[in-house]
$ cat upload15.pdb   # PDB, C-alpha atoms
MODEL        1
ATOM      1  CA  MET A  20      -3.032 -11.357 -18.850
ATOM      2  CA  LYS A  21      -3.664 -12.696 -15.334
ATOM      3  CA  LEU A  22      -2.290 -10.775 -12.385
ATOM      4  CA  GLY A  23      -1.297 -12.024  -8.967
ATOM      5  CA  PHE A  24      -1.050  -9.860  -5.867
ATOM      6  CA  ILE A  25       0.586 -10.902  -2.593
ATOM      7  CA  GLY A  26       0.369  -8.645   0.457
ATOM      8  CA  LEU A  27      -3.009  -6.998   1.043
ATOM      9  CA  GLY A  28      -2.115  -4.785   3.977
ATOM     10  CA  THR A  29      -2.357  -1.020   4.387
ATOM     11  CA  MET A  30      -0.689  -0.292   1.025
ATOM     12  CA  GLY A  31      -1.280  -3.487  -0.939
ATOM     13  CA  ALA A  32      -5.050  -3.636  -0.514
ATOM     14  CA  GLY A  33      -5.628  -0.294  -2.225
ATOM     15  CA  MET A  34      -3.211  -1.006  -5.065
ATOM     16  CA  ALA A  35      -4.653  -4.469  -5.690
ATOM     17  CA  LEU A  36      -8.189  -3.097  -5.726
ATOM     18  CA  ASN A  37      -7.218  -0.474  -8.315
ATOM     19  CA  LEU A  38      -5.832  -3.196 -10.593
ATOM     20  CA  ARG A  39      -9.047  -5.197 -10.184
ATOM     21  CA  LYS A  40     -11.219  -2.111 -10.837
ATOM     22  CA  ALA A  41      -9.283  -1.639 -14.093
ATOM     23  CA  GLY A  42     -10.698  -5.005 -15.191
ATOM     24  CA  HIS A  43      -7.692  -7.261 -14.714
ATOM     25  CA  GLU A  44      -8.246 -10.899 -13.821
ATOM     26  CA  MET A  45      -6.561 -11.409 -10.446
ATOM     27  CA  VAL A  46      -5.521 -14.047  -7.952
ATOM     28  CA  VAL A  47      -4.603 -12.777  -4.473
ATOM     29  CA  HIS A  48      -2.944 -13.980  -1.270
ATOM     30  CA  ASP A  49      -2.118 -12.607   2.168
ATOM     31  CA  VAL A  50      -1.106 -14.120   5.503
ATOM     32  CA  ARG A  51      -4.587 -13.053   6.702
ATOM     33  CA  LYS A  52      -7.336 -14.317   4.420
ATOM     34  CA  ALA A  53      -9.773 -11.707   5.754
ATOM     35  CA  SER A  54      -7.580  -9.026   4.147
ATOM     36  CA  ALA A  55      -8.646 -10.356   0.758
ATOM     37  CA  ASP A  56     -12.394  -9.999   1.379
ATOM     38  CA  PRO A  57     -12.770  -6.683  -0.533
ATOM     39  CA  LEU A  58     -10.800  -8.124  -3.462
ATOM     40  CA  ILE A  59     -12.836 -11.328  -3.527
ATOM     41  CA  ALA A  60     -16.022  -9.262  -3.382
ATOM     42  CA  ALA A  61     -14.696  -7.330  -6.393
ATOM     43  CA  GLY A  62     -14.157 -10.547  -8.366
ATOM     44  CA  ALA A  63     -10.599 -11.615  -7.538
ATOM     45  CA  THR A  64      -9.775 -15.251  -6.766
ATOM     46  CA  TRP A  65      -8.192 -16.342  -3.480
ATOM     47  CA  ALA A  66      -5.021 -18.460  -3.508
ATOM     48  CA  ASP A  67      -4.111 -20.505  -0.434
ATOM     49  CA  THR A  68      -0.366 -20.236  -1.067
ATOM     50  CA  VAL A  69       2.276 -17.999  -2.605
ATOM     51  CA  ALA A  70       3.115 -20.812  -5.034
ATOM     52  CA  GLU A  71      -0.470 -20.900  -6.273
ATOM     53  CA  VAL A  72      -0.299 -17.200  -7.064
ATOM     54  CA  GLY A  73       2.957 -17.719  -8.967
ATOM     55  CA  ALA A  74       1.621 -20.664 -10.944
ATOM     56  CA  LYS A  75      -1.578 -18.894 -11.994
ATOM     57  CA  SER A  76      -0.157 -15.453 -12.874
ATOM     58  CA  ASP A  77       1.559 -13.807 -15.816
ATOM     59  CA  VAL A  78       2.539 -10.812 -13.660
ATOM     60  CA  VAL A  79       2.913 -10.920  -9.870
ATOM     61  CA  PHE A  80       2.927  -7.894  -7.567
ATOM     62  CA  THR A  81       4.192  -8.101  -3.987
ATOM     63  CA  SER A  82       3.687  -5.506  -1.266
ATOM     64  CA  VAL A  83       5.233  -6.790   1.947
ATOM     65  CA  PRO A  84       6.861  -5.270   5.063
ATOM     66  CA  GLY A  85      10.478  -5.496   3.943
ATOM     67  CA  PRO A  86      13.511  -7.351   2.572
ATOM     68  CA  LYS A  87      13.148 -10.456   4.756
ATOM     69  CA  GLU A  88       9.563 -11.093   3.680
ATOM     70  CA  MET A  89      10.244 -10.368   0.003
ATOM     71  CA  LYS A  90      13.178 -12.787  -0.020
ATOM     72  CA  GLN A  91      11.137 -15.504   1.702
ATOM     73  CA  ILE A  92       8.233 -15.103  -0.720
ATOM     74  CA  GLY A  93      10.606 -15.379  -3.648
ATOM     75  CA  LEU A  94      13.276 -17.862  -2.647
ATOM     76  CA  ASP A  95      11.931 -20.118   0.098
ATOM     77  CA  GLU A  96      10.631 -23.582  -0.732
ATOM     78  CA  GLY A  97       7.156 -23.165  -2.177
ATOM     79  CA  GLY A  98       7.923 -19.555  -3.095
ATOM     80  CA  LEU A  99       7.497 -17.669  -6.327
ATOM     81  CA  LEU A 100      10.643 -18.993  -7.974
ATOM     82  CA  ASP A 101       9.369 -22.534  -7.482
ATOM     83  CA  SER A 102       6.126 -21.760  -9.275
ATOM     84  CA  MET A 103       6.471 -18.867 -11.739
ATOM     85  CA  ARG A 104       6.999 -19.787 -15.389
ATOM     86  CA  PRO A 105       9.814 -18.496 -17.607
ATOM     87  CA  GLY A 106       8.671 -15.286 -19.293
ATOM     88  CA  THR A 107       6.589 -14.102 -16.342
ATOM     89  CA  VAL A 108       7.155 -10.840 -14.478
ATOM     90  CA  TRP A 109       7.424  -9.884 -10.803
ATOM     91  CA  PHE A 110       7.044  -6.315  -9.511
ATOM     92  CA  ASP A 111       8.095  -5.919  -5.881
ATOM     93  CA  LEU A 112       6.363  -2.780  -4.602
ATOM     94  CA  SER A 113       7.888  -3.031  -1.127
ATOM     95  CA  THR A 114      10.451  -0.656   0.302
ATOM     96  CA  ASN A 115      13.388  -3.017   0.140
ATOM     97  CA  SER A 116      17.155  -3.351   0.307
ATOM     98  CA  PRO A 117      18.868  -2.791  -3.067
ATOM     99  CA  THR A 118      21.299  -5.575  -2.125
ATOM    100  CA  VAL A 119      18.498  -8.066  -1.448
ATOM    101  CA  VAL A 120      16.686  -7.069  -4.627
ATOM    102  CA  ARG A 121      19.823  -7.669  -6.703
ATOM    103  CA  GLU A 122      20.336 -11.069  -5.067
ATOM    104  CA  VAL A 123      16.760 -12.154  -5.793
ATOM    105  CA  TYR A 124      17.038 -10.707  -9.301
ATOM    106  CA  GLN A 125      19.975 -13.002 -10.116
ATOM    107  CA  ARG A 126      17.969 -16.039  -9.061
ATOM    108  CA  CYS A 127      14.973 -14.833 -11.089
ATOM    109  CA  LYS A 128      17.150 -14.268 -14.145
ATOM    110  CA  GLU A 129      18.382 -17.874 -13.973
ATOM    111  CA  LYS A 130      14.754 -19.036 -14.150
ATOM    112  CA  GLY A 131      13.753 -16.650 -16.959
ATOM    113  CA  ILE A 132      11.633 -14.438 -14.690
ATOM    114  CA  THR A 133      11.839 -10.646 -14.997
ATOM    115  CA  LEU A 134      12.034  -8.882 -11.634
ATOM    116  CA  PHE A 135      11.529  -5.165 -11.049
ATOM    117  CA  ASP A 136      11.983  -3.303  -7.800
ATOM    118  CA  ALA A 137       9.212  -0.730  -7.776
ATOM    119  CA  PRO A 138       8.771   0.830  -4.328
ATOM    120  CA  VAL A 139       5.971   3.326  -3.928
ATOM    121  CA  SER A 140       5.575   6.641  -2.128
ATOM    122  CA  GLY A 141       2.314   8.320  -1.226
ATOM    123  CA  GLY A 142       0.895   6.485   1.774
ATOM    124  CA  PRO A 143      -2.328   4.510   2.192
ATOM    125  CA  SER A 144      -4.518   7.301   0.774
ATOM    126  CA  GLY A 145      -2.338   7.398  -2.346
ATOM    127  CA  ALA A 146      -2.555   3.619  -2.644
ATOM    128  CA  ARG A 147      -6.347   3.835  -2.591
ATOM    129  CA  SER A 148      -6.626   6.822  -4.952
ATOM    130  CA  GLY A 149      -3.889   5.794  -7.411
ATOM    131  CA  LYS A 150      -1.851   8.891  -6.543
ATOM    132  CA  LEU A 151       1.534   7.274  -5.926
ATOM    133  CA  ALA A 152       5.088   7.875  -7.045
ATOM    134  CA  ILE A 153       6.630   4.588  -8.205
ATOM    135  CA  TYR A 154      10.409   4.336  -8.550
ATOM    136  CA  VAL A 155      11.197   1.444 -10.882
ATOM    137  CA  GLY A 156      14.498  -0.381 -11.290
ATOM    138  CA  GLY A 157      14.845  -2.962 -14.046
ATOM    139  CA  ASP A 158      15.028  -3.696 -17.757
ATOM    140  CA  ALA A 159      14.024  -0.690 -19.890
ATOM    141  CA  ASP A 160      12.266  -2.601 -22.664
ATOM    142  CA  ALA A 161      10.257  -4.748 -20.266
ATOM    143  CA  PHE A 162       9.365  -1.639 -18.269
ATOM    144  CA  GLU A 163       7.790  -0.078 -21.370
ATOM    145  CA  ARG A 164       5.785  -3.256 -22.026
ATOM    146  CA  TYR A 165       4.283  -3.291 -18.545
ATOM    147  CA  LYS A 166       4.184   0.405 -17.640
ATOM    148  CA  SER A 167       0.430   0.600 -18.249
ATOM    149  CA  LEU A 168      -0.112  -1.699 -15.253
ATOM    150  CA  LEU A 169       1.931   0.604 -13.050
ATOM    151  CA  ASP A 170       0.000   3.608 -14.382
ATOM    152  CA  THR A 171      -3.080   2.014 -12.796
ATOM    153  CA  LEU A 172      -1.333   2.149  -9.421
ATOM    154  CA  GLY A 173       0.337   5.552  -9.539
ATOM    155  CA  ASP A 174       0.325   8.885 -11.319
ATOM    156  CA  GLN A 175       4.120   9.359 -11.169
ATOM    157  CA  VAL A 176       5.677   6.198 -12.600
ATOM    158  CA  MET A 177       9.354   6.528 -13.446
ATOM    159  CA  ARG A 178      12.080   4.092 -14.373
ATOM    160  CA  VAL A 179      15.145   5.320 -12.497
ATOM    161  CA  GLY A 180      17.709   2.745 -13.626
ATOM    162  CA  ASP A 181      18.668  -0.899 -13.478
ATOM    163  CA  ILE A 182      17.597  -3.379 -10.816
ATOM    164  CA  GLY A 183      18.058  -1.961  -7.308
ATOM    165  CA  ALA A 184      17.824   1.636  -8.488
ATOM    166  CA  GLY A 185      14.156   1.844  -7.537
ATOM    167  CA  ASN A 186      14.885   1.197  -3.896
ATOM    168  CA  SER A 187      17.983   3.384  -3.940
ATOM    169  CA  ALA A 188      15.818   6.264  -5.188
ATOM    170  CA  LYS A 189      13.092   5.539  -2.619
ATOM    171  CA  LEU A 190      15.604   5.467   0.242
ATOM    172  CA  VAL A 191      17.148   8.754  -0.928
ATOM    173  CA  HIS A 192      13.636  10.230  -1.090
ATOM    174  CA  ASN A 193      12.907   9.057   2.469
ATOM    175  CA  VAL A 194      16.164  10.492   3.844
ATOM    176  CA  ALA A 195      15.634  13.822   2.069
ATOM    177  CA  SER A 196      12.048  14.022   3.336
ATOM    178  CA  MET A 197      13.070  13.298   6.935
ATOM    179  CA  THR A 198      15.908  15.835   6.745
ATOM    180  CA  VAL A 199      13.606  18.590   5.489
ATOM    181  CA  ARG A 200      11.089  17.854   8.264
ATOM    182  CA  MET A 201      13.808  18.001  10.893
ATOM    183  CA  MET A 202      15.079  21.313   9.500
ATOM    184  CA  ILE A 203      11.587  22.821   9.581
ATOM    185  CA  ALA A 204      11.083  21.623  13.163
ATOM    186  CA  GLU A 205      14.433  23.132  14.219
ATOM    187  CA  ALA A 206      13.594  26.395  12.482
ATOM    188  CA  LEU A 207      10.280  26.618  14.377
ATOM    189  CA  VAL A 208      11.811  26.005  17.823
ATOM    190  CA  PRO A 209      12.624  29.725  18.433
ATOM    191  CA  LEU A 210       9.014  30.648  17.633
ATOM    192  CA  GLY A 211       7.872  28.482  20.514
ATOM    193  CA  ARG A 212      10.137  30.410  22.875
ATOM    194  CA  ILE A 213       8.856  33.814  21.642
ATOM    195  CA  GLY A 214       5.149  32.999  21.902
TER     196      GLY A 214
ENDMDL
END
$ encode --input "upload15.pdb" --output "structure tokens"
Amino acid sequence: MKLGFIGLGTMGAGMALNLRKAGHEMVVHDVRKASADPLIAAGATWADTVAEVGAKSDVVFTSVPGPKEMKQIGLDEGGLLDSMRPGTVWFDLSTNSPTVVREVYQRCKEKGITLFDAPVSGGPSGARSGKLAIYVGGDADAFERYKSLLDTLGDQVMRVGDIGAGNSAKLVHNVASMTVRMMIAEALVPLGRIG
């Protein structure tokens, strides 16, 4: 099984390197070729375009800044849907919009491509160490077939529902985390006045 990875930034680089260290054959791409240097040194192959990644991969992972970039990579001319074969799989690891994910999913489904939204939580250190929570939305049977790949990326891999549910869960997690931090900060304010 050949893997493709698009987006080798702060999060993507560590996750891609963990997949390569696990022995998977990989083709990689990023808007900055220099970002791929550690992957190429580890034996991955560089692809000049997104379409090349799609054409050469059985499973593609994307880790990009947000919904706009994910949609462009998938749907624009020369994107993944122009190059991926029926029966291939795409895991979007980005924090994304559930609405955008569902839109892209419908287009993937028409082409016979299985899309999962699989946003991660754990920061750059977790991406490097493989200590990430991964919230997966998508087909249950296909999830079981490919879960071992996700287990290489994170130690808390969970399917939380159908397509879009991964990002819904991640966004709820983010809101809850921010709320708790704000509450702790508010609770500590009086201590600052006492001391």
$ resolve_selection --input "upload15.pdb" --expression "the PyMOL selection byres ((chain A and resi 113) around 9)" --output "ChimeraX atom specification"
/A:81-86,89,111-112,114-115,136-139,186
$ residues_near_point --input "upload15.pdb" --point "(7.7, -4.7, -16.6)" --cutoff "9 Å" --atoms "only C-alpha atoms" --output "PyMOL selection string"
chain A and resi 78+108-110+133-135+157-166+168-169
$ atom_distance --input "upload15.pdb" --atom1 "CA of His43 (chain A)" --atom2 "CA of Met20 (chain A)"
7.5 Å
$ atom_distance --input "upload15.pdb" --atom1 "CA of Leu22 (chain A)" --atom2 "CA of Glu44 (chain A)"
6.1 Å
$ closest_residue --input "upload15.pdb" --among "A:Met45, A:Ile182, A:Met177, A:Ala32" --to "Pro57 (chain A)" --atoms "all atoms listed in the file"
A:Ala32
$ decode --input "upload15.pdb" --residues "region 58-73 of chain A" --atoms "all heavy atoms" --output "PDB file, in the first residue's frame"
ATOM      1  N   LEU A  58      11.603  14.119   5.153  1.00  0.00           N
ATOM      2  CA  LEU A  58      10.895  12.943   4.625  1.00  0.00           C
ATOM      3  C   LEU A  58      11.678  12.301   3.491  1.00  0.00           C
ATOM      4  O   LEU A  58      11.785  11.074   3.410  1.00  0.00           O
ATOM      5  CB  LEU A  58       9.497  13.336   4.134  1.00  0.00           C
ATOM      6  CG  LEU A  58       8.337  13.337   5.129  1.00  0.00           C
ATOM      7  CD1 LEU A  58       8.073  11.970   5.697  1.00  0.00           C
ATOM      8  CD2 LEU A  58       8.530  14.348   6.230  1.00  0.00           C
ATOM      9  N   ILE A  59      12.233  13.124   2.613  1.00  0.00           N
ATOM     10  CA  ILE A  59      13.026  12.609   1.500  1.00  0.00           C
ATOM     11  C   ILE A  59      14.273  11.913   2.037  1.00  0.00           C
ATOM     12  O   ILE A  59      14.647  10.830   1.574  1.00  0.00           O
ATOM     13  CB  ILE A  59      13.370  13.737   0.512  1.00  0.00           C
ATOM     14  CG1 ILE A  59      12.083  14.231  -0.165  1.00  0.00           C
ATOM     15  CG2 ILE A  59      14.372  13.270  -0.536  1.00  0.00           C
ATOM     16  CD1 ILE A  59      12.223  15.522  -0.937  1.00  0.00           C
ATOM     17  N   ALA A  60      14.881  12.517   3.054  1.00  0.00           N
ATOM     18  CA  ALA A  60      16.048  11.884   3.686  1.00  0.00           C
ATOM     19  C   ALA A  60      15.690  10.541   4.305  1.00  0.00           C
ATOM     20  O   ALA A  60      16.521   9.632   4.380  1.00  0.00           O
ATOM     21  CB  ALA A  60      16.632  12.814   4.751  1.00  0.00           C
ATOM     22  N   ALA A  61      14.428  10.404   4.729  1.00  0.00           N
ATOM     23  CA  ALA A  61      13.972   9.147   5.344  1.00  0.00           C
ATOM     24  C   ALA A  61      13.460   8.147   4.306  1.00  0.00           C
ATOM     25  O   ALA A  61      13.000   7.067   4.664  1.00  0.00           O
ATOM     26  CB  ALA A  61      12.868   9.438   6.361  1.00  0.00           C
ATOM     27  N   GLY A  62      13.523   8.523   3.018  1.00  0.00           N
ATOM     28  CA  GLY A  62      13.165   7.557   1.974  1.00  0.00           C
ATOM     29  C   GLY A  62      11.864   7.818   1.250  1.00  0.00           C
ATOM     30  O   GLY A  62      11.475   7.034   0.373  1.00  0.00           O
ATOM     31  N   ALA A  63      11.183   8.913   1.568  1.00  0.00           N
ATOM     32  CA  ALA A  63       9.950   9.250   0.841  1.00  0.00           C
ATOM     33  C   ALA A  63      10.308   9.853  -0.515  1.00  0.00           C
ATOM     34  O   ALA A  63      11.431  10.327  -0.727  1.00  0.00           O
ATOM     35  CB  ALA A  63       9.109  10.229   1.652  1.00  0.00           C
ATOM     36  N   THR A  64       9.339   9.857  -1.415  1.00  0.00           N
ATOM     37  CA  THR A  64       9.515  10.418  -2.756  1.00  0.00           C
ATOM     38  C   THR A  64       8.782  11.751  -2.842  1.00  0.00           C
ATOM     39  O   THR A  64       7.655  11.881  -2.358  1.00  0.00           O
ATOM     40  CB  THR A  64       8.927   9.449  -3.812  1.00  0.00           C
ATOM     41  OG1 THR A  64       9.569   8.177  -3.673  1.00  0.00           O
ATOM     42  CG2 THR A  64       9.138   9.965  -5.214  1.00  0.00           C
ATOM     43  N   TRP A  65       9.399  12.729  -3.478  1.00  0.00           N
ATOM     44  CA  TRP A  65       8.782  14.042  -3.662  1.00  0.00           C
ATOM     45  C   TRP A  65       7.854  14.015  -4.878  1.00  0.00           C
ATOM     46  O   TRP A  65       8.176  13.416  -5.906  1.00  0.00           O
ATOM     47  CB  TRP A  65       9.849  15.106  -3.864  1.00  0.00           C
ATOM     48  CG  TRP A  65       9.288  16.435  -4.288  1.00  0.00           C
ATOM     49  CD1 TRP A  65       9.309  16.976  -5.542  1.00  0.00           C
ATOM     50  CD2 TRP A  65       8.604  17.377  -3.463  1.00  0.00           C
ATOM     51  NE1 TRP A  65       8.681  18.199  -5.551  1.00  0.00           N
ATOM     52  CE2 TRP A  65       8.233  18.472  -4.285  1.00  0.00           C
ATOM     53  CE3 TRP A  65       8.254  17.407  -2.110  1.00  0.00           C
ATOM     54  CZ2 TRP A  65       7.543  19.576  -3.793  1.00  0.00           C
ATOM     55  CZ3 TRP A  65       7.562  18.502  -1.625  1.00  0.00           C
ATOM     56  CH2 TRP A  65       7.220  19.576  -2.455  1.00  0.00           C
ATOM     57  N   ALA A  66       6.713  14.680  -4.768  1.00  0.00           N
ATOM     58  CA  ALA A  66       5.803  14.881  -5.889  1.00  0.00           C
ATOM     59  C   ALA A  66       5.698  16.375  -6.148  1.00  0.00           C
ATOM     60  O   ALA A  66       5.522  17.157  -5.214  1.00  0.00           O
ATOM     61  CB  ALA A  66       4.428  14.310  -5.569  1.00  0.00           C
ATOM     62  N   ASP A  67       5.784  16.784  -7.402  1.00  0.00           N
ATOM     63  CA  ASP A  67       5.726  18.203  -7.737  1.00  0.00           C
ATOM     64  C   ASP A  67       4.330  18.787  -7.616  1.00  0.00           C
ATOM     65  O   ASP A  67       4.189  19.999  -7.471  1.00  0.00           O
ATOM     66  CB  ASP A  67       6.236  18.432  -9.168  1.00  0.00           C
ATOM     67  CG  ASP A  67       7.748  18.264  -9.266  1.00  0.00           C
ATOM     68  OD1 ASP A  67       8.457  18.701  -8.331  1.00  0.00           O
ATOM     69  OD2 ASP A  67       8.221  17.702 -10.270  1.00  0.00           O
ATOM     70  N   THR A  68       3.299  17.934  -7.688  1.00  0.00           N
ATOM     71  CA  THR A  68       1.927  18.438  -7.651  1.00  0.00           C
ATOM     72  C   THR A  68       1.042  17.574  -6.757  1.00  0.00           C
ATOM     73  O   THR A  68       1.360  16.408  -6.475  1.00  0.00           O
ATOM     74  CB  THR A  68       1.299  18.431  -9.064  1.00  0.00           C
ATOM     75  OG1 THR A  68       1.197  17.074  -9.516  1.00  0.00           O
ATOM     76  CG2 THR A  68       2.124  19.246 -10.047  1.00  0.00           C
ATOM     77  N   VAL A  69      -0.088  18.155  -6.369  1.00  0.00           N
ATOM     78  CA  VAL A  69      -1.110  17.415  -5.629  1.00  0.00           C
ATOM     79  C   VAL A  69      -1.607  16.239  -6.466  1.00  0.00           C
ATOM     80  O   VAL A  69      -1.791  15.122  -5.964  1.00  0.00           O
ATOM     81  CB  VAL A  69      -2.274  18.366  -5.272  1.00  0.00           C
ATOM     82  CG1 VAL A  69      -3.503  17.597  -4.814  1.00  0.00           C
ATOM     83  CG2 VAL A  69      -1.838  19.367  -4.219  1.00  0.00           C
ATOM     84  N   ALA A  70      -1.824  16.479  -7.751  1.00  0.00           N
ATOM     85  CA  ALA A  70      -2.333  15.427  -8.640  1.00  0.00           C
ATOM     86  C   ALA A  70      -1.388  14.234  -8.699  1.00  0.00           C
ATOM     87  O   ALA A  70      -1.834  13.080  -8.756  1.00  0.00           O
ATOM     88  CB  ALA A  70      -2.563  15.993 -10.044  1.00  0.00           C
ATOM     89  N   GLU A  71      -0.100  14.498  -8.665  1.00  0.00           N
ATOM     90  CA  GLU A  71       0.875  13.400  -8.688  1.00  0.00           C
ATOM     91  C   GLU A  71       0.756  12.548  -7.429  1.00  0.00           C
ATOM     92  O   GLU A  71       0.840  11.316  -7.496  1.00  0.00           O
ATOM     93  CB  GLU A  71       2.290  13.972  -8.828  1.00  0.00           C
ATOM     94  CG  GLU A  71       3.355  12.915  -9.027  1.00  0.00           C
ATOM     95  CD  GLU A  71       4.761  13.485  -9.161  1.00  0.00           C
ATOM     96  OE1 GLU A  71       4.900  14.718  -9.389  1.00  0.00           O
ATOM     97  OE2 GLU A  71       5.724  12.708  -9.008  1.00  0.00           O
ATOM     98  N   VAL A  72       0.545  13.190  -6.304  1.00  0.00           N
ATOM     99  CA  VAL A  72       0.336  12.441  -5.064  1.00  0.00           C
ATOM    100  C   VAL A  72      -0.898  11.550  -5.211  1.00  0.00           C
ATOM    101  O   VAL A  72      -0.865  10.364  -4.904  1.00  0.00           O
ATOM    102  CB  VAL A  72       0.169  13.376  -3.847  1.00  0.00           C
ATOM    103  CG1 VAL A  72      -0.197  12.580  -2.596  1.00  0.00           C
ATOM    104  CG2 VAL A  72       1.434  14.177  -3.604  1.00  0.00           C
ATOM    105  N   GLY A  73      -1.996  12.139  -5.680  1.00  0.00           N
ATOM    106  CA  GLY A  73      -3.237  11.378  -5.839  1.00  0.00           C
ATOM    107  C   GLY A  73      -3.088  10.195  -6.773  1.00  0.00           C
ATOM    108  O   GLY A  73      -3.593   9.102  -6.492  1.00  0.00           O
TER     109      GLY A  73
END
